[in-house]
Amino acid sequence: MGPEPADPANPRSTPAVPAGVSVSVSAPPSAPAAAESPSARAVAVQARNRRLAEVGVLAVVLVWAANFVVLKAAFTVLGPLTVTSARFVVAALTLFLLVRWRTGAIQWPGRLGWPLIGLGMLGFGCYQVVWSLGLTRITAGESALLIAVAPVLTALLAGAVGMDRLTGPKLAGALTAFAGVVVVIGAGHGLSLGASLVGDLLTLIAAVIWPVYTILGARMLRHVEPLQTAAWSVFGGALLLLPFGAWEVMTSPAVAITPAAIAGVLLSGMFAVGVANVVVFNAIRLIGPTRVSLMQFLTPACAVALGAIFLAEPVGIAQVVGGAIIVLGVWLTRRRTVIPARVRERLRTS
């Protein structure tokens, strides 16, 4: 007689096992305890990408700070508009070569092509022209101080349009870092705010142009990858700047261009303008325009340090203190709250 069937009325009954047959019942294998769910892996990858983006922005800050040192030789023989337009031509060529290497072809980005070129004309072309005109009427220290308002305006504008969340730590960090910039610049330059209202106004217009460009660029990144965004916007900036550079060359006396000046323009164009803007656009896409712009407060402090190392420029105690204040401000922007949790708890219980 065969094995008895299981009793349908008793769900716990099991079929009889034929004699001589050994059956072992084991629980289904469970997933390894250390295995991560897809969502957990995605969160980990996103966190890693955000950290890499921040490291990239810090590298860009160093490149921009070194840019002052690199261009020193170029500005001794060439005018500012000539140097700037040449840098952007070099940057555009560099970025289009990167696009060709990565995608195999340089293709017009469809309906977003002209907006990207217009974005570059605003953020690179108009900014550089207006800032340069303002710089001819005020001191370098005053110009740097007024331009340092741009990251604060970026944070406020990003919060106003809903592009980024303006938290207490971000606002406190922005104001703290700006105070550090005031200390650094005030220690190294003579400040005479109000000496030229036209120069101040032009520089403030440039300081407003940059946040607008940054926010518009962040919107573009929803549809275009960072490399394409940087390539076409830098190309737009080069188109607007090139006539100004050509005019300056034609109206200036002939000069002997040194190899150091050529090297400075090439290095600055390829890295400080070209590659740096790809990194910045990628960071804006990952960590937001506010944090990226506030990290740029570190540029003047790094420029002072590099100037001391490579150009033997003097560094005073006030500049060191100002640099420390800037670092404190940038650190505050990374916090969730201005007051630590332990301090808040003690304040509540006291």
# chains A, B, ... in the order shown; residues from 1 in each chain; ligands from 1
call {"tool": "residues_around", "arguments": {"residues": "Thr176 of chain A", "least_positions_apart": "4", "cutoff": "9 Å", "atoms": "only C-alpha atoms", "output": "PDB file with N, CA and C atoms, in the first residue's frame"}}
result
ATOM      1  N   LEU A 171      22.804  79.975   6.320  1.00  0.00           N
ATOM      2  CA  LEU A 171      22.823  81.430   6.401  1.00  0.00           C
ATOM      3  C   LEU A 171      23.896  81.908   7.372  1.00  0.00           C
ATOM      4  N   ALA A 172      23.988  81.254   8.538  1.00  0.00           N
ATOM      5  CA  ALA A 172      25.015  81.631   9.513  1.00  0.00           C
ATOM      6  C   ALA A 172      26.410  81.408   8.946  1.00  0.00           C
ATOM      7  N   GLY A 180      34.891  86.620   7.305  1.00  0.00           N
ATOM      8  CA  GLY A 180      36.284  86.216   7.140  1.00  0.00           C
ATOM      9  C   GLY A 180      36.916  86.820   5.903  1.00  0.00           C
ATOM     10  N   VAL A 181      36.141  86.903   4.810  1.00  0.00           N
ATOM     11  CA  VAL A 181      36.642  87.527   3.583  1.00  0.00           C
ATOM     12  C   VAL A 181      36.952  88.999   3.825  1.00  0.00           C
ATOM     13  N   ILE A 325      38.316  82.144  10.006  1.00  0.00           N
ATOM     14  CA  ILE A 325      36.894  82.487  10.077  1.00  0.00           C
ATOM     15  C   ILE A 325      36.154  81.955   8.846  1.00  0.00           C
ATOM     16  N   ILE A 326      36.790  82.042   7.679  1.00  0.00           N
ATOM     17  CA  ILE A 326      36.178  81.514   6.459  1.00  0.00           C
ATOM     18  C   ILE A 326      35.966  80.005   6.578  1.00  0.00           C
ATOM     19  N   LEU A 328      35.621  78.302   9.286  1.00  0.00           N
ATOM     20  CA  LEU A 328      34.533  78.102  10.247  1.00  0.00           C
ATOM     21  C   LEU A 328      33.178  78.292   9.575  1.00  0.00           C
ATOM     22  N   GLY A 329      33.062  79.326   8.748  1.00  0.00           N
ATOM     23  CA  GLY A 329      31.800  79.571   8.065  1.00  0.00           C
ATOM     24  C   GLY A 329      31.420  78.446   7.124  1.00  0.00           C
ATOM     25  N   VAL A 330      32.381  77.951   6.350  1.00  0.00           N
ATOM     26  CA  VAL A 330      32.106  76.833   5.434  1.00  0.00           C
ATOM     27  C   VAL A 330      31.737  75.578   6.221  1.00  0.00           C
ATOM     28  N   LEU A 332      30.202  75.526   9.085  1.00  0.00           N
ATOM     29  CA  LEU A 332      28.840  75.712   9.577  1.00  0.00           C
ATOM     30  C   LEU A 332      27.803  75.332   8.517  1.00  0.00           C
TER      31      LEU A 332
END
call {"tool": "residues_around", "arguments": {"residues": "Leu93 of chain A", "least_positions_apart": "4", "cutoff": "10 Å", "atoms": "only C-alpha atoms", "output": "list in words"}}
result
Phe88, Val89, Leu97, Leu98, Val99, Ala231, Val234, Phe235, Gly269, Met270 and Gly274 of chain A
call {"tool": "write_last_selection", "arguments": {"atoms": "N, CA and C atoms", "output": "PDB file, in the first residue's frame"}}
result
ATOM      1  N   PHE A  88      39.013  81.910 -22.358  1.00  0.00           N
ATOM      2  CA  PHE A  88      37.734  81.270 -22.657  1.00  0.00           C
ATOM      3  C   PHE A  88      37.748  80.570 -24.005  1.00  0.00           C
ATOM      4  N   VAL A  89      38.517  81.079 -24.952  1.00  0.00           N
ATOM      5  CA  VAL A  89      38.674  80.350 -26.223  1.00  0.00           C
ATOM      6  C   VAL A  89      39.376  79.022 -25.972  1.00  0.00           C
ATOM      7  N   LEU A  97      36.778  69.220 -26.998  1.00  0.00           N
ATOM      8  CA  LEU A  97      37.605  68.021 -27.177  1.00  0.00           C
ATOM      9  C   LEU A  97      37.196  66.932 -26.190  1.00  0.00           C
ATOM     10  N   LEU A  98      36.876  67.316 -24.954  1.00  0.00           N
ATOM     11  CA  LEU A  98      36.409  66.342 -23.967  1.00  0.00           C
ATOM     12  C   LEU A  98      35.061  65.756 -24.369  1.00  0.00           C
ATOM     13  N   VAL A  99      34.186  66.607 -24.910  1.00  0.00           N
ATOM     14  CA  VAL A  99      32.886  66.107 -25.384  1.00  0.00           C
ATOM     15  C   VAL A  99      33.088  65.107 -26.516  1.00  0.00           C
ATOM     16  N   ALA A 231      30.454  73.058 -21.629  1.00  0.00           N
ATOM     17  CA  ALA A 231      31.026  73.290 -22.962  1.00  0.00           C
ATOM     18  C   ALA A 231      30.282  74.387 -23.710  1.00  0.00           C
ATOM     19  N   VAL A 234      30.464  77.913 -21.796  1.00  0.00           N
ATOM     20  CA  VAL A 234      31.786  78.530 -21.966  1.00  0.00           C
ATOM     21  C   VAL A 234      31.959  79.028 -23.400  1.00  0.00           C
ATOM     22  N   PHE A 235      31.449  78.273 -24.356  1.00  0.00           N
ATOM     23  CA  PHE A 235      31.488  78.716 -25.761  1.00  0.00           C
ATOM     24  C   PHE A 235      30.729  80.027 -25.922  1.00  0.00           C
ATOM     25  N   GLY A 269      43.063  78.540 -18.976  1.00  0.00           N
ATOM     26  CA  GLY A 269      41.912  78.218 -19.818  1.00  0.00           C
ATOM     27  C   GLY A 269      41.497  76.767 -19.704  1.00  0.00           C
ATOM     28  N   MET A 270      42.468  75.864 -19.723  1.00  0.00           N
ATOM     29  CA  MET A 270      42.139  74.436 -19.698  1.00  0.00           C
ATOM     30  C   MET A 270      41.571  73.993 -18.359  1.00  0.00           C
ATOM     31  N   GLY A 274      37.960  75.685 -17.966  1.00  0.00           N
ATOM     32  CA  GLY A 274      37.355  74.521 -18.614  1.00  0.00           C
ATOM     33  C   GLY A 274      36.948  73.415 -17.655  1.00  0.00           C
TER      34      GLY A 274
END
call {"tool": "atom_distance", "arguments": {"atom1": "atom CA of Met250 of chain A", "atom2": "atom CA of Ala92 of chain A"}}
result
22.9 Å
call {"tool": "atom_distance", "arguments": {"atom1": "atom CA of Ala59 of chain A", "atom2": "atom CA of Ala305 of chain A"}}
result
14.8 Å
call {"tool": "closest_residue", "arguments": {"among": "A:Ala246, A:Leu135, A:Ile147, A:Leu157", "to": "Leu197 of chain A", "atoms": "only C-alpha atoms"}}
result
A:Leu135
call {"tool": "residues_around", "arguments": {"residues": "Ala238 of chain A", "least_positions_apart": "5", "cutoff": "9 Å", "atoms": "only C-alpha atoms", "output": "PDB file with N, CA and C atoms, in the first residue's frame"}}
result
ATOM      1  N   THR A  84      41.482  87.395 -20.694  1.00  0.00           N
ATOM      2  CA  THR A  84      40.210  86.732 -20.389  1.00  0.00           C
ATOM      3  C   THR A  84      39.612  86.079 -21.618  1.00  0.00           C
ATOM      4  N   SER A  85      39.573  86.797 -22.741  1.00  0.00           N
ATOM      5  CA  SER A  85      38.986  86.216 -23.961  1.00  0.00           C
ATOM      6  C   SER A  85      39.808  85.025 -24.444  1.00  0.00           C
ATOM      7  N   ALA A  86      41.141  85.116 -24.353  1.00  0.00           N
ATOM      8  CA  ALA A  86      41.986  83.992 -24.772  1.00  0.00           C
ATOM      9  C   ALA A  86      41.767  82.782 -23.876  1.00  0.00           C
ATOM     10  N   ARG A  87      41.604  83.009 -22.573  1.00  0.00           N
ATOM     11  CA  ARG A  87      41.337  81.896 -21.657  1.00  0.00           C
ATOM     12  C   ARG A  87      40.051  81.171 -22.018  1.00  0.00           C
ATOM     13  N   PHE A  88      39.013  81.910 -22.358  1.00  0.00           N
ATOM     14  CA  PHE A  88      37.734  81.270 -22.657  1.00  0.00           C
ATOM     15  C   PHE A  88      37.748  80.570 -24.005  1.00  0.00           C
ATOM     16  N   VAL A  89      38.517  81.079 -24.952  1.00  0.00           N
ATOM     17  CA  VAL A  89      38.674  80.350 -26.223  1.00  0.00           C
ATOM     18  C   VAL A  89      39.376  79.022 -25.972  1.00  0.00           C
ATOM     19  N   VAL A  90      40.450  79.054 -25.184  1.00  0.00           N
ATOM     20  CA  VAL A  90      41.157  77.819 -24.837  1.00  0.00           C
ATOM     21  C   VAL A  90      40.233  76.867 -24.083  1.00  0.00           C
ATOM     22  N   ALA A  91      39.438  77.403 -23.153  1.00  0.00           N
ATOM     23  CA  ALA A  91      38.525  76.567 -22.369  1.00  0.00           C
ATOM     24  C   ALA A  91      37.470  75.919 -23.256  1.00  0.00           C
ATOM     25  N   ALA A  92      36.910  76.687 -24.191  1.00  0.00           N
ATOM     26  CA  ALA A  92      35.886  76.129 -25.081  1.00  0.00           C
ATOM     27  C   ALA A  92      36.457  74.997 -25.928  1.00  0.00           C
ATOM     28  N   GLY A 120      25.987  81.242 -20.900  1.00  0.00           N
ATOM     29  CA  GLY A 120      27.418  81.548 -20.868  1.00  0.00           C
ATOM     30  C   GLY A 120      27.712  83.010 -21.136  1.00  0.00           C
ATOM     31  N   MET A 121      26.941  83.616 -22.055  1.00  0.00           N
ATOM     32  CA  MET A 121      27.133  85.048 -22.320  1.00  0.00           C
ATOM     33  C   MET A 121      26.836  85.883 -21.088  1.00  0.00           C
ATOM     34  N   PHE A 124      29.519  84.304 -17.950  1.00  0.00           N
ATOM     35  CA  PHE A 124      30.943  84.464 -18.232  1.00  0.00           C
ATOM     36  C   PHE A 124      31.230  85.781 -18.949  1.00  0.00           C
ATOM     37  N   GLY A 125      30.485  86.040 -20.035  1.00  0.00           N
ATOM     38  CA  GLY A 125      30.748  87.237 -20.823  1.00  0.00           C
ATOM     39  C   GLY A 125      30.401  88.518 -20.093  1.00  0.00           C
ATOM     40  N   SER A 233      28.072  76.644 -22.525  1.00  0.00           N
ATOM     41  CA  SER A 233      28.022  77.927 -21.838  1.00  0.00           C
ATOM     42  C   SER A 233      29.371  78.650 -21.919  1.00  0.00           C
TER      43      SER A 233
END
call {"tool": "select_by_dssp", "arguments": {"residues": "segment 176-331 of chain A", "states": "alpha helix (DSSP H)", "output": "number ranges by chain"}}
result
A: 176-188, 197-220, 226-251, 259-267, 276-287, 289-295, 298-310, 317-331
call {"tool": "residues_around", "arguments": {"residues": "Glu54 of chain A", "least_positions_apart": "6", "cutoff": "12 Å", "atoms": "only C-alpha atoms", "output": "count of residues only"}}
result
23
call {"tool": "closest_residue", "arguments": {"among": "A:Pro211, A:Gly159, A:Val304, A:Glu248", "to": "Phe68 of chain A", "atoms": "only C-alpha atoms"}}
result
A:Val304
call {"tool": "residues_around", "arguments": {"residues": "Cys302 of chain A", "least_positions_apart": "6", "cutoff": "9 Å", "atoms": "only C-alpha atoms", "output": "ChimeraX atom specification"}}
result
/A:61-62,64-66,323
call {"tool": "residues_around", "arguments": {"residues": "segment 109-113 of chain A", "least_positions_apart": "6", "cutoff": "10 Å", "atoms": "only C-alpha atoms", "output": "mmCIF file with C-alpha atoms, in the first residue's frame"}}
result
data_model
loop_
_atom_site.group_PDB
_atom_site.id
_atom_site.type_symbol
_atom_site.label_atom_id
_atom_site.label_comp_id
_atom_site.auth_asym_id
_atom_site.auth_seq_id
_atom_site.Cartn_x
_atom_site.Cartn_y
_atom_site.Cartn_z
ATOM 1 C CA LEU A 119 23.696 81.388 -20.106
ATOM 2 C CA MET A 220 19.711 73.549 -17.028
ATOM 3 C CA HIS A 223 18.060 68.364 -18.750
ATOM 4 C CA VAL A 224 21.735 68.496 -19.817
ATOM 5 C CA GLN A 228 27.649 69.580 -22.164
ATOM 6 C CA THR A 229 26.383 72.432 -19.977
ATOM 7 C CA TRP A 232 28.214 75.264 -24.551
ATOM 8 C CA SER A 233 28.022 77.927 -21.838
ATOM 9 C CA GLY A 236 28.814 81.400 -25.320
#
call {"tool": "atom_distance", "arguments": {"atom1": "atom CA of Leu306 of chain A", "atom2": "atom CA of Thr258 of chain A"}}
result
22.6 Å
call {"tool": "closest_residue", "arguments": {"among": "A:Val70, A:Ala260, A:Val55, A:Ala105", "to": "Ala272 of chain A", "atoms": "only C-alpha atoms"}}
result
A:Val70
call {"tool": "decode", "arguments": {"residues": "segment 298-330 of chain A", "atoms": "C-alpha atoms", "output": "compact mmCIF listing (two decimals), in the first residue's frame"}}
result
# COMPACT_ATOMS: atom_id res chain seq x y z
CA LEU A 298 37.75 79.61 0.56
CA THR A 299 39.30 80.97 -2.65
CA PRO A 300 40.73 84.26 -1.28
CA ALA A 301 42.24 82.54 1.75
CA CYS A 302 43.86 79.90 -0.46
CA ALA A 303 45.07 82.60 -2.87
CA VAL A 304 46.82 84.40 0.01
CA ALA A 305 48.47 81.14 1.10
CA LEU A 306 49.64 80.24 -2.42
CA GLY A 307 50.87 83.79 -2.99
CA ALA A 308 53.00 83.50 0.13
CA ILE A 309 54.39 80.12 -0.95
CA PHE A 310 55.15 80.80 -4.62
CA LEU A 311 55.43 84.60 -4.87
CA ALA A 312 56.87 85.33 -1.41
CA GLU A 313 53.98 87.70 -0.68
CA PRO A 314 53.69 88.70 3.00
CA VAL A 315 50.95 87.20 5.16
CA GLY A 316 49.78 88.99 8.30
CA ILE A 317 48.09 87.70 11.43
CA ALA A 318 44.81 89.27 10.34
CA GLN A 319 44.83 87.28 7.11
CA VAL A 320 45.43 84.04 9.03
CA VAL A 321 42.55 84.89 11.38
CA GLY A 322 40.34 85.77 8.44
CA GLY A 323 41.15 82.47 6.77
CA ALA A 324 40.21 80.61 9.94
CA ILE A 325 36.89 82.49 10.08
CA ILE A 326 36.18 81.51 6.46
CA VAL A 327 36.86 77.85 7.24
CA LEU A 328 34.53 78.10 10.25
CA GLY A 329 31.80 79.57 8.07
CA VAL A 330 32.11 76.83 5.43
